[in-house]
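K.L.:
My structure file protein_24.txt, compact mmCIF, C-alpha atoms, is below:
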# COMPACT_ATOMS: atom_id res chain seq x y z
CA MET A 1 46.68 147.41 156.87
CA VAL A 2 45.96 143.71 156.57
CA GLY A 3 48.52 141.36 158.11
CA THR A 4 50.00 138.40 156.32
CA PRO A 5 47.89 135.30 156.94
CA ARG A 6 49.54 132.70 159.11
CA THR A 7 50.52 129.34 157.71
CA PRO A 8 47.73 126.96 158.75
CA ARG A 9 48.49 124.65 161.67
CA ASP A 10 47.85 121.56 159.53
CA ARG A 11 50.59 122.58 157.11
CA TRP A 12 53.12 122.61 159.97
CA VAL A 13 51.93 119.14 161.01
CA GLU A 14 52.03 117.79 157.45
CA GLU A 15 55.49 119.17 156.80
CA GLY A 16 56.63 117.72 160.13
CA LEU A 17 55.25 114.31 159.17
CA ARG A 18 57.08 114.47 155.83
CA ALA A 19 60.32 115.34 157.62
CA LEU A 20 59.78 112.54 160.14
CA ALA A 21 59.16 109.96 157.41
CA ALA A 22 62.24 111.08 155.50
CA GLY A 23 64.71 111.56 158.34
CA GLY A 24 63.30 110.57 161.70
CA PRO A 25 62.49 112.86 164.63
CA ASP A 26 65.81 114.73 164.44
CA ALA A 27 64.78 116.00 160.99
CA VAL A 28 61.74 117.73 162.51
CA ARG A 29 63.26 121.14 163.21
CA VAL A 30 61.21 124.32 163.32
CA GLU A 31 63.64 126.36 161.20
CA ALA A 32 63.89 123.67 158.54
CA LEU A 33 60.10 123.27 158.42
CA ALA A 34 59.61 127.03 158.12
CA LYS A 35 62.10 127.13 155.25
CA ARG A 36 60.31 124.31 153.41
CA LEU A 37 56.99 126.08 153.97
CA GLY A 38 58.46 129.37 152.76
CA VAL A 39 57.60 131.22 155.97
CA THR A 40 59.34 132.49 159.07
CA LYS A 41 59.34 130.36 162.18
CA GLY A 42 57.44 133.00 164.17
CA GLY A 43 54.07 131.68 162.99
CA PHE A 44 54.91 128.27 164.39
CA TYR A 45 54.67 129.56 167.96
CA GLY A 46 51.13 130.77 167.38
CA TYR A 47 50.11 127.10 167.20
CA PHE A 48 52.68 125.19 169.22
CA ALA A 49 54.41 126.00 172.50
CA ASP A 50 57.56 124.27 171.29
CA ARG A 51 58.92 121.50 169.07
CA GLY A 52 57.73 118.88 171.55
CA ALA A 53 54.14 120.05 171.14
CA LEU A 54 54.47 119.68 167.36
CA LEU A 55 55.90 116.18 167.73
CA GLU A 56 53.00 115.21 170.02
CA THR A 57 50.48 116.57 167.51
CA MET A 58 52.23 114.67 164.72
CA LEU A 59 52.01 111.43 166.70
CA GLU A 60 48.31 112.07 167.39
CA THR A 61 47.74 112.61 163.67
CA TRP A 62 49.61 109.42 162.75
CA GLU A 63 47.71 107.40 165.36
CA ARG A 64 44.33 108.70 164.17
CA GLU A 65 45.11 108.13 160.49
CA SER A 66 46.67 104.69 160.95
CA THR A 67 43.99 103.28 163.25
CA ASP A 68 40.70 105.19 163.41
CA GLU A 69 40.64 106.26 159.77
CA VAL A 70 41.87 102.90 158.45
CA ILE A 71 39.31 100.96 160.51
CA GLU A 72 36.51 103.36 159.52
CA ARG A 73 37.36 102.95 155.85
CA VAL A 74 37.64 99.17 156.11
CA GLU A 75 34.20 98.99 157.76
CA ARG A 76 32.65 101.49 155.33
CA GLU A 77 33.90 99.62 152.26
CA GLY A 78 32.73 96.30 153.69
CA GLY A 79 33.51 92.84 152.44
CA ASP A 80 34.22 89.55 154.12
CA PRO A 81 36.75 89.37 156.97
CA ARG A 82 39.59 88.25 154.69
CA THR A 83 39.00 91.21 152.39
CA LYS A 84 38.89 93.56 155.36
CA ILE A 85 42.23 92.24 156.65
CA GLN A 86 43.87 92.73 153.28
CA ARG A 87 42.38 96.20 152.88
CA ALA A 88 43.57 97.27 156.34
CA GLY A 89 47.05 95.97 155.56
CA ALA A 90 47.17 97.68 152.18
CA LEU A 91 46.01 100.99 153.62
CA THR A 92 48.51 100.85 156.47
CA PHE A 93 51.62 99.17 155.07
CA SER A 94 51.78 100.34 151.48
CA GLY A 95 51.84 103.68 149.78
CA ASP A 96 53.81 106.82 150.37
CA ARG A 97 52.00 108.16 153.45
CA LEU A 98 51.40 105.71 156.30
CA LEU A 99 54.12 103.15 155.57
CA PRO A 100 57.09 105.57 155.75
CA LEU A 101 55.59 107.14 158.88
CA ASP A 102 55.04 103.76 160.49
CA LEU A 103 58.62 102.68 159.80
CA ALA A 104 60.04 106.00 161.09
CA ILE A 105 57.93 105.82 164.25
CA ARG A 106 59.01 102.21 164.87
CA ASP A 107 62.62 103.33 164.66
CA TRP A 108 61.95 106.33 166.93
CA ALA A 109 60.16 104.11 169.46
CA ARG A 110 63.39 102.17 170.00
CA ARG A 111 64.85 105.29 171.64
CA ASP A 112 61.82 106.99 173.21
CA GLU A 113 59.59 105.23 175.75
CA ALA A 114 56.65 107.61 175.25
CA VAL A 115 56.69 106.92 171.51
CA ALA A 116 57.07 103.19 172.23
CA ALA A 117 53.97 103.30 174.46
CA ARG A 118 51.96 104.99 171.70
CA LEU A 119 53.21 102.45 169.15
CA ARG A 120 52.17 99.60 171.46
CA ARG A 121 48.69 101.13 171.68
CA VAL A 122 48.44 101.41 167.88
CA ASP A 123 49.76 97.88 167.37
CA ALA A 124 47.31 96.57 169.98
CA ARG A 125 44.40 98.03 167.99
CA ARG A 126 45.76 96.53 164.78
CA MET A 127 46.15 93.13 166.43
CA ALA A 128 42.62 93.38 167.85
CA LEU A 129 41.27 93.90 164.34
CA LEU A 130 43.25 90.90 163.07
CA ARG A 131 42.04 88.70 165.95
CA GLU A 132 38.44 89.73 165.36
CA MET A 133 38.58 89.08 161.61
CA ILE A 134 40.60 85.85 161.78
CA GLY A 135 38.33 84.64 164.59
CA THR A 136 35.43 84.59 162.13
CA PHE A 137 36.97 81.66 160.21
CA CYS A 138 39.24 80.11 162.82
CA ALA A 139 37.77 78.81 166.09
CA ASP A 140 40.96 77.91 168.00
CA PRO A 141 42.06 80.94 170.09
CA ASP A 142 45.71 79.85 170.01
CA GLU A 143 45.61 79.59 166.23
CA VAL A 144 43.84 82.95 165.94
CA GLU A 145 46.65 84.54 167.98
CA ALA A 146 49.37 82.79 165.97
CA ARG A 147 47.83 83.70 162.60
CA SER A 148 47.32 87.30 163.74
CA LEU A 149 50.92 87.59 164.89
CA MET A 150 52.29 86.04 161.69
CA ALA A 151 50.14 88.30 159.50
CA PHE A 152 51.25 91.38 161.41
CA ALA A 153 54.90 90.32 161.41
CA MET A 154 54.73 89.67 157.66
CA ALA A 155 53.19 93.10 157.03
CA ILE A 156 55.94 94.90 158.95
CA GLY A 157 58.90 92.60 158.48
CA GLY A 158 58.41 92.24 154.76
CA HIS A 159 59.67 95.79 154.34
CA PHE A 160 62.99 94.92 155.96
CA LEU A 161 63.71 91.71 154.08
CA ASP A 162 65.39 91.44 150.70
CA LEU A 163 65.20 87.74 149.92
CA ASP A 164 65.71 85.61 146.85
CA HIS A 165 62.63 83.45 146.39
CA GLY A 166 64.07 81.45 143.52
CA PRO A 167 61.67 81.30 140.57
CA ARG A 168 58.91 83.00 142.58
CA THR A 169 58.43 86.73 142.87
CA LYS A 170 58.14 88.43 146.23
CA ALA A 171 54.51 89.21 145.39
CA GLU A 172 53.78 85.54 144.66
CA VAL A 173 55.32 84.40 147.94
CA ARG A 174 53.49 87.08 149.92
CA ALA A 175 50.20 86.15 148.23
CA HIS A 176 50.76 82.46 149.04
CA ALA A 177 51.62 83.32 152.66
CA ALA A 178 48.45 85.44 152.90
CA ASP A 179 46.40 82.54 151.52
CA ILE A 180 47.81 80.26 154.22
CA LEU A 181 47.29 82.80 157.02
CA LEU A 182 43.78 83.65 155.85
CA ASP A 183 42.90 80.00 155.25
CA ARG A 184 42.03 80.54 151.59
CA PRO A 185 42.16 77.73 149.07
CA ARG A 186 45.03 78.05 146.63
CA PRO A 187 44.18 78.07 142.92
CA LYS A 188 45.21 74.89 141.15
CA PRO A 189 48.23 75.34 138.86
CA ASP A 190 47.54 75.03 135.15
CA ALA A 191 48.26 71.53 133.91
Written as structure tokens, how would this file's structure read?
P.N.:
Amino acid sequence: MVGTPRTPRDRWVEEGLRALAAGGPDAVRVEALAKRLGVTKGGFYGYFADRGALLETMLETWERESTDEVIERVEREGGDPRTKIQRAGALTFSGDRLLPLDLAIRDWARRDEAVAARLRRVDARRMALLREMIGTFCADPDEVEARSLMAFAMAIGGHFLDLDHGPRTKAEVRAHAADILLDRPRPKPDA
């Protein structure tokens, strides 16, 4: 008699990440995940000692995807430093995968020091990339730090702001801000 194959470990992690993005760490419950996967929770314990082990694996996955994999892709696809900055930002802070996870983990980090430490490590790597890229066209270390901080704050904070920009769209204002931060010449308006 052949036993029923176990649900792969990665599916537990993926479902946990979806739950985290949608409802924070409290939404990551073994029974609820098993139900969404259409399996019993018994298979979970073949991979993870407990819920905490799953949460740790989820954080490891998020960290790898949002730093190592983003940086590898940015380097592989090439381009000038300004293009690399924009690509890294787009990969990290847009879309339906990394952005919701990043926002959920930022919220979680407010209440959990271990998560906060991991978030600081991830943010430090992101800032290092910004400093390196901005440093290629800006020689003043103080200005490199300020531009890096403003770019990072804009990437994260922009998701929390709902502002009226008058006749300008949010996309136009963000593009103009990026041009300033990345020291790009602005196109001349049509006369």
K.L.:
When you look at Glu145 in chain A with a cut-off of 12 Å (counting only C-alpha atoms), what residues show up, excluding the ones that are within fewer than 3 positions of it in the same chain? I need them as a ChimeraX atom specification.
P.N.:
/A:127-135,138-142,148-152,181
K.L.:
Find, counting only C-alpha atoms, the residue in A:Ala109, A:Ile71, A:Leu182, A:Ala22 that gets nearest to Leu59 in chain A.
P.N.:
A:Ala109
K.L.:
Rank A:Val13, A:Ala88, A:Ala34, A:Leu101 by their smallest atom-to-atom distance to Leu54 in chain A, using only C-alpha atoms, and report the top residue only.
P.N.:
A:Val13
K.L.:
Go through A:Glu63, A:Lys41, A:Pro25, A:Gly158 and flag the residue nearest Arg120 in chain A, using all atoms listed in the file for the distances.
P.N.:
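The answer is A:Glu63, which sits nearest to Arg120 in chain A.
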K.L.:
Using only C-alpha atoms, find the one residue out of A:Ala178, A:Leu55, A:Ala21, A:Val70 that sits nearest to Arg125 in chain A.
P.N.:
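The answer is A:Val70, which sits nearest to Arg125 in chain A.
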K.L.:
Which of these, A:Arg82, A:Arg126, A:Arg18, A:Arg121, has the shortest distance to Ala155 in chain A once you count all atoms listed in the file?
P.N.:
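Under the stated criterion, the closest residue is A:Arg126.
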K.L.:
Out of A:Ile156, A:Val122, A:Ala19, A:Val115, which residue has the shortest atom-to-atom distance to Asp68 in chain A when counting only C-alpha atoms?
P.N.:
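Nearest to Asp68 in chain A: A:Val122.
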K.L.:
Between CA of Val30 in chain A and CA of Asp112 in chain A, what is the distance, to one decimal in Å?
P.N.:
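Here the two named atoms are 20.0 Å from each other.
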K.L.:
Expressed in Å to a single decimal, how great is the separation between CA of Asp26 in chain A and CA of Pro8 in chain A?
P.N.:
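Going from CA of Asp26 in chain A over to CA of Pro8 in chain A covers 22.6 Å.
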K.L.:
Restrict the output to range 2-36 of chain A and N, CA and C atoms, then write it as an mmCIF file, in the first residue's frame.
P.N.:
data_model
loop_
_atom_site.group_PDB
_atom_site.id
_atom_site.type_symbol
_atom_site.label_atom_id
_atom_site.label_comp_id
_atom_site.auth_asym_id
_atom_site.auth_seq_id
_atom_site.Cartn_x
_atom_site.Cartn_y
_atom_site.Cartn_z
ATOM 1 N N VAL A 2 0.617 2.140 -0.902
ATOM 2 C CA VAL A 2 1.389 3.367 -1.026
ATOM 3 C C VAL A 2 0.714 4.441 -0.192
ATOM 4 N N GLY A 3 1.511 5.133 0.636
ATOM 5 C CA GLY A 3 0.969 6.203 1.472
ATOM 6 C C GLY A 3 0.695 7.451 0.655
ATOM 7 N N THR A 4 -0.096 8.322 1.220
ATOM 8 C CA THR A 4 -0.393 9.596 0.589
ATOM 9 C C THR A 4 0.855 10.477 0.652
ATOM 10 N N PRO A 5 1.250 11.067 -0.473
ATOM 11 C CA PRO A 5 2.441 11.917 -0.440
ATOM 12 C C PRO A 5 2.207 13.140 0.451
ATOM 13 N N ARG A 6 3.253 13.522 1.146
ATOM 14 C CA ARG A 6 3.145 14.694 2.014
ATOM 15 C C ARG A 6 3.129 15.969 1.187
ATOM 16 N N THR A 7 2.485 16.976 1.737
ATOM 17 C CA THR A 7 2.507 18.293 1.119
ATOM 18 C C THR A 7 3.943 18.812 1.193
ATOM 19 N N PRO A 8 4.513 19.229 0.080
ATOM 20 C CA PRO A 8 5.903 19.701 0.111
ATOM 21 C C PRO A 8 6.110 20.845 1.106
ATOM 22 N N ARG A 9 7.278 20.865 1.693
ATOM 23 C CA ARG A 9 7.647 21.882 2.684
ATOM 24 C C ARG A 9 7.443 23.294 2.128
ATOM 25 N N ASP A 10 7.856 23.507 0.878
ATOM 26 C CA ASP A 10 7.745 24.837 0.275
ATOM 27 C C ASP A 10 6.310 25.326 0.201
ATOM 28 N N ARG A 11 5.369 24.406 0.049
ATOM 29 C CA ARG A 11 3.961 24.832 0.006
ATOM 30 C C ARG A 11 3.507 25.367 1.353
ATOM 31 N N TRP A 12 3.993 24.749 2.448
ATOM 32 C CA TRP A 12 3.676 25.274 3.782
ATOM 33 C C TRP A 12 4.249 26.684 3.939
ATOM 34 N N VAL A 13 5.481 26.861 3.492
ATOM 35 C CA VAL A 13 6.141 28.166 3.599
ATOM 36 C C VAL A 13 5.399 29.198 2.758
ATOM 37 N N GLU A 14 5.074 28.851 1.521
ATOM 38 C CA GLU A 14 4.371 29.783 0.634
ATOM 39 C C GLU A 14 3.009 30.176 1.194
ATOM 40 N N GLU A 15 2.281 29.186 1.688
ATOM 41 C CA GLU A 15 0.963 29.486 2.250
ATOM 42 C C GLU A 15 1.110 30.345 3.498
ATOM 43 N N GLY A 16 2.149 30.085 4.284
ATOM 44 C CA GLY A 16 2.425 30.911 5.459
ATOM 45 C C GLY A 16 2.745 32.345 5.073
ATOM 46 N N LEU A 17 3.530 32.519 4.018
ATOM 47 C CA LEU A 17 3.855 33.870 3.551
ATOM 48 C C LEU A 17 2.610 34.603 3.056
ATOM 49 N N ARG A 18 1.733 33.880 2.367
ATOM 50 C CA ARG A 18 0.473 34.508 1.920
ATOM 51 C C ARG A 18 -0.367 34.951 3.113
ATOM 52 N N ALA A 19 -0.440 34.094 4.119
ATOM 53 C CA ALA A 19 -1.208 34.434 5.325
ATOM 54 C C ALA A 19 -0.575 35.624 6.040
ATOM 55 N N LEU A 20 0.738 35.645 6.134
ATOM 56 C CA LEU A 20 1.443 36.753 6.778
ATOM 57 C C LEU A 20 1.164 38.061 6.056
ATOM 58 N N ALA A 21 1.273 38.056 4.744
ATOM 59 C CA ALA A 21 1.039 39.269 3.956
ATOM 60 C C ALA A 21 -0.393 39.766 4.113
ATOM 61 N N ALA A 22 -1.330 38.839 4.216
ATOM 62 C CA ALA A 22 -2.745 39.218 4.305
ATOM 63 C C ALA A 22 -3.169 39.623 5.708
ATOM 64 N N GLY A 23 -2.602 38.971 6.730
ATOM 65 C CA GLY A 23 -3.122 39.215 8.076
ATOM 66 C C GLY A 23 -2.106 39.308 9.190
ATOM 67 N N GLY A 24 -0.832 39.388 8.853
ATOM 68 C CA GLY A 24 0.190 39.488 9.886
ATOM 69 C C GLY A 24 0.511 38.131 10.488
ATOM 70 N N PRO A 25 1.426 38.106 11.455
ATOM 71 C CA PRO A 25 1.884 36.829 12.013
ATOM 72 C C PRO A 25 0.792 36.036 12.728
ATOM 73 N N ASP A 26 -0.200 36.704 13.285
ATOM 74 C CA ASP A 26 -1.290 35.983 13.965
ATOM 75 C C ASP A 26 -2.130 35.163 12.992
ATOM 76 N N ALA A 27 -2.087 35.517 11.708
ATOM 77 C CA ALA A 27 -2.848 34.771 10.696
ATOM 78 C C ALA A 27 -2.136 33.483 10.271
ATOM 79 N N VAL A 28 -0.885 33.330 10.693
ATOM 80 C CA VAL A 28 -0.114 32.135 10.341
ATOM 81 C C VAL A 28 -0.366 31.084 11.415
ATOM 82 N N ARG A 29 -1.418 30.298 11.192
ATOM 83 C CA ARG A 29 -1.808 29.240 12.133
ATOM 84 C C ARG A 29 -1.803 27.915 11.374
ATOM 85 N N VAL A 30 -1.238 26.915 12.014
ATOM 86 C CA VAL A 30 -1.049 25.619 11.347
ATOM 87 C C VAL A 30 -2.373 25.059 10.845
ATOM 88 N N GLU A 31 -3.398 25.080 11.668
ATOM 89 C CA GLU A 31 -4.702 24.526 11.234
ATOM 90 C C GLU A 31 -5.258 25.265 10.034
ATOM 91 N N ALA A 32 -5.171 26.589 10.072
ATOM 92 C CA ALA A 32 -5.698 27.385 8.964
ATOM 93 C C ALA A 32 -4.895 27.128 7.682
ATOM 94 N N LEU A 33 -3.578 27.009 7.807
ATOM 95 C CA LEU A 33 -2.750 26.722 6.632
ATOM 96 C C LEU A 33 -3.102 25.357 6.050
ATOM 97 N N ALA A 34 -3.248 24.364 6.936
ATOM 98 C CA ALA A 34 -3.591 23.014 6.476
ATOM 99 C C ALA A 34 -4.923 23.033 5.725
ATOM 100 N N LYS A 35 -5.867 23.775 6.259
ATOM 101 C CA LYS A 35 -7.189 23.857 5.609
ATOM 102 C C LYS A 35 -7.052 24.475 4.209
ATOM 103 N N ARG A 36 -6.293 25.564 4.109
ATOM 104 C CA ARG A 36 -6.114 26.200 2.799
ATOM 105 C C ARG A 36 -5.362 25.296 1.832
#
